[in-house]
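Enquirer: Quick one: structure below, then a few questions.
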Amino acid sequence: MTPSTHRASVTLPDESTAKRVVDALSELFFEDQAAFAAFERPDGRWDVTVHFAEPPDQNLLRELVGQAVRQDVASTLVFDTVEAKDWVKASLEDLVPVAAGRFIVHGQHDRHRIPPNKLGIEIEAALAFGTGHHGTTRGCLLLLDHVLKAYQPRRVLDLGTGTGVLAIAAAKALHGKVLASDIDPPSVGVAEENARLNGAGDLVDVIRATGFASPRFAEDGPFDLVLANILANPLRQLAGPMARHLASSAQVILSGLLTHQAPAVIAAYRARGLVPLRHLKIEGWSSLLLRSVK
């Protein structure tokens, strides 16, 4: 173990700005090179901290942050070194459990605080956007809870699973199999590990796939429920392929879109025979519940 780790930190005005910065920086570093943490402050601003195993290129980081937001924000980046420790775990200790209907997303340090009448989902991701603290994840979990009160889907797909939160939630609530996919190989590994840690390793089957470009979707479908927490443009492009993989009267939960993007996404799915049932708006993000009427 090295005697210290290297840290870059910056305070940003809001969650969307924090996400842009994290997205820009995370494209540059592999999982074992850096760990990211993003947390909301009491004043509504967001702190983004990146821990590095090796000293980072400070000029490059400032340039990337400047491109993602503004150069004056990049100039406020602070670099220092900290005592060697499990800094991913330490950064997560400030994350409080997030409740969404019957589900509570939490870290290991809050395992003992989960009420027996709730379904705990333990996620040790280094980034708050993948742990339920982001409005899109929370919106999806709330809609999933709503759907499962009156509907018991047999074939479930979590498209673009990320940390695996939604797949794990569905598997634990239904006590059934869930197919999960992601385009990103590291995410596949993270989702598999999180499913295993949550006792759902035998229920959640994670594959690497771009969109619906895998024979597994045809083999495991047609799906009664699809969860897709991605981004607006990919969601619009996937409307046709998704509709072809849906069972009759299937329900679809979509998120990852800003509220002003929701009408265009709804229109794309209406054109494929899906009608909107619910629209949740959380922190500027939209989560949609639709049903196939074909």
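We name chains A, B, ... following the order of the structure tokens; residues begin at 1 in each chain, and ligands are numbered from 1 as shown.
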List the neighbours of Ala24 in chain A out to 12 Å using only C-alpha atoms; skip same-chain residues closer than 3 positions along the sequence, and give me the result as a list of chain:residue names.
Expert: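 Counting only C-alpha atoms, the residues come to A:Thr17, A:Ala18, A:Lys19, A:Arg20, A:Val21, A:Glu27, A:Leu28, A:Phe29, A:Phe36, A:Leu60, A:Leu61, A:Arg62, A:Glu63, A:Leu64, A:Val65, A:Gly66, A:Gln67, A:Ala68, A:Val69.
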Enquirer: Those residues you just picked out, can you put them in a file as a compact mmCIF listing (two decimals), in the first residue's frame with N, CA, C and O atoms?
Expert:
# COMPACT_ATOMS: atom_id res chain seq x y z
N THR A 17 -24.45 19.78 -12.89
CA THR A 17 -23.07 20.20 -13.15
C THR A 17 -22.10 19.17 -12.60
O THR A 17 -21.10 18.82 -13.24
N ALA A 18 -22.39 18.65 -11.41
CA ALA A 18 -21.54 17.62 -10.82
C ALA A 18 -21.49 16.38 -11.70
O ALA A 18 -20.42 15.79 -11.91
N LYS A 19 -22.63 16.00 -12.26
CA LYS A 19 -22.66 14.82 -13.11
C LYS A 19 -21.86 15.04 -14.39
O LYS A 19 -21.16 14.14 -14.86
N ARG A 20 -21.93 16.24 -14.97
CA ARG A 20 -21.16 16.52 -16.17
C ARG A 20 -19.66 16.40 -15.90
O ARG A 20 -18.91 15.87 -16.71
N VAL A 21 -19.24 16.90 -14.75
CA VAL A 21 -17.82 16.84 -14.40
C VAL A 21 -17.39 15.38 -14.20
O VAL A 21 -16.35 14.94 -14.70
N GLU A 27 -14.38 9.17 -18.04
CA GLU A 27 -14.02 8.62 -19.34
C GLU A 27 -12.51 8.47 -19.49
O GLU A 27 -12.03 7.74 -20.36
N LEU A 28 -11.75 9.17 -18.67
CA LEU A 28 -10.30 9.20 -18.80
C LEU A 28 -9.60 8.14 -17.98
O LEU A 28 -8.49 7.73 -18.30
N PHE A 29 -10.26 7.67 -16.91
CA PHE A 29 -9.58 6.78 -15.97
C PHE A 29 -10.28 5.44 -15.86
O PHE A 29 -11.51 5.36 -15.87
N PHE A 36 -14.51 7.96 -7.73
CA PHE A 36 -15.25 9.22 -7.72
C PHE A 36 -16.31 9.21 -6.63
O PHE A 36 -16.96 8.19 -6.38
N LEU A 60 -4.26 18.65 -17.10
CA LEU A 60 -5.24 17.90 -17.89
C LEU A 60 -6.59 17.89 -17.19
O LEU A 60 -7.64 18.08 -17.83
N LEU A 61 -6.59 17.69 -15.86
CA LEU A 61 -7.85 17.67 -15.13
C LEU A 61 -8.55 19.03 -15.20
O LEU A 61 -9.77 19.10 -15.40
N ARG A 62 -7.79 20.10 -15.07
CA ARG A 62 -8.39 21.44 -15.16
C ARG A 62 -8.98 21.66 -16.57
O ARG A 62 -10.06 22.25 -16.72
N GLU A 63 -8.27 21.18 -17.57
CA GLU A 63 -8.76 21.34 -18.94
C GLU A 63 -10.06 20.58 -19.15
O GLU A 63 -11.02 21.11 -19.74
N LEU A 64 -10.14 19.36 -18.64
CA LEU A 64 -11.35 18.56 -18.80
C LEU A 64 -12.54 19.17 -18.05
O LEU A 64 -13.66 19.20 -18.56
N VAL A 65 -12.29 19.64 -16.84
CA VAL A 65 -13.36 20.28 -16.08
C VAL A 65 -13.81 21.56 -16.78
O VAL A 65 -15.00 21.87 -16.85
N GLY A 66 -12.86 22.31 -17.32
CA GLY A 66 -13.20 23.52 -18.05
C GLY A 66 -14.06 23.24 -19.26
O GLY A 66 -14.99 23.98 -19.58
N GLN A 67 -13.77 22.15 -19.96
CA GLN A 67 -14.58 21.77 -21.12
C GLN A 67 -15.97 21.30 -20.71
O GLN A 67 -16.96 21.54 -21.41
N ALA A 68 -16.05 20.62 -19.56
CA ALA A 68 -17.34 20.09 -19.10
C ALA A 68 -18.24 21.19 -18.55
O ALA A 68 -19.47 21.14 -18.73
N VAL A 69 -17.65 22.18 -17.89
CA VAL A 69 -18.46 23.27 -17.32
C VAL A 69 -17.87 24.61 -17.77
O VAL A 69 -18.11 25.04 -18.89
Enquirer: What lies within 10 Å of Arg270 in chain A using only C-alpha atoms, ignoring chain neighbours under 2 positions off, as a list of chain:residue names?
Expert: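 In the requested form, the answer reads A:Ala239, A:Ala264, A:Val265, A:Ile266, A:Ala267, A:Ala268, A:Arg272, A:Gly273, A:Leu274, A:Val275, A:Pro276, A:Leu290, A:Arg291, A:Ser292, A:Val293.
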Enquirer: How would the residues just chosen look if you wrote them out with C-alpha atoms as a JSON list (two decimals), in the first residue's frame?
Expert:
[["chain", "number", "residue", "atom", "x", "y", "z"],
["A", 239, "ALA", "CA", -38.12, 2.65, -28.98],
["A", 264, "ALA", "CA", -40.00, 13.68, -27.29],
["A", 265, "VAL", "CA", -39.34, 10.33, -25.59],
["A", 266, "ILE", "CA", -43.06, 9.78, -24.97],
["A", 267, "ALA", "CA", -43.79, 10.59, -28.62],
["A", 268, "ALA", "CA", -41.22, 8.04, -29.82],
["A", 272, "ARG", "CA", -44.57, 2.17, -31.32],
["A", 273, "GLY", "CA", -47.81, 1.47, -29.50],
["A", 274, "LEU", "CA", -46.94, 2.42, -25.92],
["A", 275, "VAL", "CA", -49.04, 4.84, -23.87],
["A", 276, "PRO", "CA", -47.82, 6.77, -20.82],
["A", 290, "LEU", "CA", -45.66, 3.24, -20.13],
["A", 291, "ARG", "CA", -47.73, 0.25, -21.23],
["A", 292, "SER", "CA", -47.82, -1.54, -24.56],
["A", 293, "VAL", "CA", -51.30, -1.57, -26.09]]
Enquirer: For the contact check between range 162-229 of chain A and range 134-146 of chain A, emit one row per residue of range 162-229 of chain A within 8 Å, containing the shortest atom pair and the distance in Å rounded to one decimal, counting only C-alpha atoms, chain then rising number order, as CSV.
Expert:
residue,atom,partner,partner_atom,distance
A:Leu166,CA,A:Leu141,CA,6.9
A:Ala169,CA,A:Leu141,CA,7.7
A:Ala170,CA,A:Leu144,CA,7.6
A:Leu227,CA,A:Cys140,CA,7.6
A:Asn229,CA,A:Thr136,CA,6.9
Enquirer: Those residues you just picked out, can you put them in a file as a CSV table (one decimal), in the first residue's frame with N, CA and C atoms?
Expert:
chain,number,residue,atom,x,y,z
A,166,LEU,N,-31.5,-1.6,-10.2
A,166,LEU,CA,-32.9,-1.9,-10.6
A,166,LEU,C,-33.1,-3.4,-10.8
A,169,ALA,N,-33.4,-4.9,-7.3
A,169,ALA,CA,-34.7,-4.6,-6.7
A,169,ALA,C,-35.8,-5.4,-7.3
A,170,ALA,N,-35.8,-5.6,-8.6
A,170,ALA,CA,-36.9,-6.4,-9.2
A,170,ALA,C,-36.7,-7.9,-8.8
A,227,LEU,N,-37.0,-2.1,-17.6
A,227,LEU,CA,-36.5,-1.0,-16.9
A,227,LEU,C,-35.3,-0.4,-17.7
A,229,ASN,N,-32.9,2.9,-17.5
A,229,ASN,CA,-32.4,4.2,-16.9
A,229,ASN,C,-31.2,4.6,-17.7
Enquirer: Of the candidates A:Asn198, A:Thr11, A:Ser187, A:Asn117, which one gets nearest to Ala74 in chain A if we count only C-alpha atoms?
Expert: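 Closest to Ala74 in chain A, using only C-alpha atoms: A:Thr11.
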Enquirer: I need the strand (DSSP E) residues of range 250-282 of chain A per DSSP on the backbone, written as a list in words.
Expert: Ala250, Gln251, Val252, Ile253, Leu254, Ser255, Gly256, Leu257, Leu258, Leu274, Val275, Pro276, Leu277, Arg278, His279, Leu280, Lys281 and Ile282 of chain A
Enquirer: Name all residues at most 6 Å from range 5-7 of chain A (count only C-alpha atoms; drop same-chain ones fewer than 4 positions away) and give them as an mmCIF file with N, CA and C atoms, in the first residue's frame.
Expert:
data_model
loop_
_atom_site.group_PDB
_atom_site.id
_atom_site.type_symbol
_atom_site.label_atom_id
_atom_site.label_comp_id
_atom_site.auth_asym_id
_atom_site.auth_seq_id
_atom_site.Cartn_x
_atom_site.Cartn_y
_atom_site.Cartn_z
ATOM 1 N N VAL A 50 -12.214 13.215 -6.329
ATOM 2 C CA VAL A 50 -11.618 12.103 -7.062
ATOM 3 C C VAL A 50 -10.337 11.693 -6.353
ATOM 4 N N HIS A 51 -10.226 10.406 -6.022
ATOM 5 C CA HIS A 51 -9.016 9.864 -5.402
ATOM 6 C C HIS A 51 -8.225 9.087 -6.456
ATOM 7 N N PHE A 52 -6.924 9.309 -6.476
ATOM 8 C CA PHE A 52 -6.052 8.682 -7.463
ATOM 9 C C PHE A 52 -4.982 7.844 -6.772
ATOM 10 N N ALA A 53 -4.652 6.721 -7.387
ATOM 11 C CA ALA A 53 -3.568 5.902 -6.866
ATOM 12 C C ALA A 53 -2.212 6.534 -7.175
ATOM 13 N N PRO A 55 -0.161 10.284 -8.745
ATOM 14 C CA PRO A 55 -0.388 11.734 -8.906
ATOM 15 C C PRO A 55 -1.013 12.042 -10.256
ATOM 16 N N PHE A 79 -6.034 20.327 -5.203
ATOM 17 C CA PHE A 79 -5.288 19.069 -5.212
ATOM 18 C C PHE A 79 -4.545 18.914 -3.896
ATOM 19 N N ASP A 80 -4.590 17.713 -3.323
ATOM 20 C CA ASP A 80 -3.821 17.439 -2.115
ATOM 21 C C ASP A 80 -3.584 15.943 -2.005
ATOM 22 N N THR A 81 -2.916 15.538 -0.960
ATOM 23 C CA THR A 81 -2.700 14.122 -0.683
ATOM 24 C C THR A 81 -3.317 13.795 0.667
ATOM 25 N N VAL A 82 -3.783 12.570 0.808
ATOM 26 C CA VAL A 82 -4.426 12.148 2.049
ATOM 27 C C VAL A 82 -3.820 10.831 2.496
ATOM 28 N N ALA A 84 -3.216 7.122 3.410
ATOM 29 C CA ALA A 84 -3.701 5.917 2.748
ATOM 30 C C ALA A 84 -4.736 5.213 3.606
#
Enquirer: With a distance cut-off of 6 Å and only C-alpha atoms, select the neighbouring residues of range 97-108 of chain A, excluding the residue or stretch itself and same-chain residues fewer than 3 positions from it, and output the selection as a PyMOL selection string.
Expert: chain A and resi 111+118-124+132+141-142+145
Enquirer: What's the 12 Å shell around Val188 in chain A, counting only C-alpha atoms, without same-chain residues fewer than 5 positions away, as a PyMOL selection string?
Expert: chain A and resi 158-164+167+179-183+193-195+204-209
Enquirer: How many Å separate CA of Leu12 in chain A from CA of Arg45 in chain A?
Expert: 5.8 Å
Enquirer: DSSP says alpha helix (DSSP H) for which residues of range 53-196 of chain A? Put them as JSON, numbers by chain?
Expert: {"A": [58, 59, 60, 61, 62, 63, 64, 65, 66, 67, 68, 71, 72, 73, 74, 87, 88, 89, 90, 91, 92, 135, 136, 137, 138, 139, 140, 141, 142, 143, 144, 145, 146, 147, 148, 165, 166, 167, 168, 169, 170, 171, 172, 173, 174, 185, 186, 187, 188, 189, 190, 191, 192, 193, 194, 195, 196]}
Enquirer: Can I get the selected residues back with C-alpha atoms, as a compact mmCIF listing (two decimals), in the first residue's frame?
Expert:
# COMPACT_ATOMS: atom_id res chain seq x y z
CA GLN A 58 -3.37 18.64 -12.83
CA ASN A 59 -3.37 20.66 -16.06
CA LEU A 60 -5.24 17.90 -17.89
CA LEU A 61 -7.85 17.67 -15.13
CA ARG A 62 -8.39 21.44 -15.16
CA GLU A 63 -8.76 21.34 -18.94
CA LEU A 64 -11.35 18.56 -18.80
CA VAL A 65 -13.36 20.28 -16.08
CA GLY A 66 -13.20 23.52 -18.05
CA GLN A 67 -14.58 21.77 -21.12
CA ALA A 68 -17.34 20.09 -19.10
CA GLN A 71 -12.84 27.48 -17.03
CA ASP A 72 -13.43 29.59 -13.93
CA VAL A 73 -14.85 26.49 -12.22
CA ALA A 74 -11.81 24.48 -13.29
CA TRP A 87 -11.03 6.02 0.64
CA VAL A 88 -13.91 4.60 -1.37
CA LYS A 89 -15.45 3.25 1.81
CA ALA A 90 -14.71 6.49 3.65
CA SER A 91 -16.38 8.58 0.96
CA LEU A 92 -19.50 6.43 1.16
CA GLY A 135 -33.30 11.38 -9.11
CA THR A 136 -33.49 8.96 -12.03
CA THR A 137 -32.70 5.88 -9.95
CA ARG A 138 -35.12 6.95 -7.24
CA GLY A 139 -37.83 7.61 -9.81
CA CYS A 140 -37.39 4.16 -11.34
CA LEU A 141 -37.58 2.46 -7.95
CA LEU A 142 -40.75 4.36 -7.05
CA LEU A 143 -42.37 3.37 -10.34
CA LEU A 144 -41.21 -0.23 -9.91
CA ASP A 145 -42.78 -0.32 -6.46
CA HIS A 146 -46.01 1.06 -7.94
CA VAL A 147 -46.06 -1.50 -10.77
CA LEU A 148 -45.42 -4.50 -8.53
CA VAL A 165 -29.73 -1.45 -8.54
CA LEU A 166 -32.92 -1.86 -10.57
CA ALA A 167 -32.28 -5.48 -11.52
CA ILE A 168 -31.54 -6.36 -7.91
CA ALA A 169 -34.67 -4.55 -6.72
CA ALA A 170 -36.88 -6.39 -9.21
CA ALA A 171 -35.28 -9.78 -8.49
CA LYS A 172 -35.64 -9.43 -4.72
CA ALA A 173 -39.22 -8.16 -4.90
CA LEU A 174 -40.36 -10.82 -7.37
CA PRO A 185 -17.71 -4.18 -19.49
CA PRO A 186 -16.73 -2.78 -16.03
CA SER A 187 -20.41 -2.11 -15.29
CA VAL A 188 -21.23 -5.74 -16.06
CA GLY A 189 -18.73 -6.83 -13.43
CA VAL A 190 -19.98 -4.29 -10.89
CA ALA A 191 -23.61 -5.34 -11.39
CA GLU A 192 -22.70 -9.02 -11.03
CA GLU A 193 -20.81 -8.36 -7.81
CA ASN A 194 -23.59 -6.19 -6.37
CA ALA A 195 -26.17 -8.86 -7.20
CA ARG A 196 -24.04 -11.46 -5.44
Enquirer: Mind pulling up the distance from CA of Arg70 in chain A to CA of Pro13 in chain A?
Expert: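 Straight-line distance from CA of Pro13 in chain A to CA of Arg70 in chain A works out to 11.7 Å.
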Enquirer: Closest to His245 in chain A among A:Ala228, A:Ala262, A:Phe223, A:Glu40, using only C-alpha atoms?
Expert: A:Phe223
Enquirer: If I take CA of Leu246 in chain A and CA of Ser287 in chain A, how far is one from the other in Å, to one decimal?
Expert: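 It comes out at 19.0 Å.
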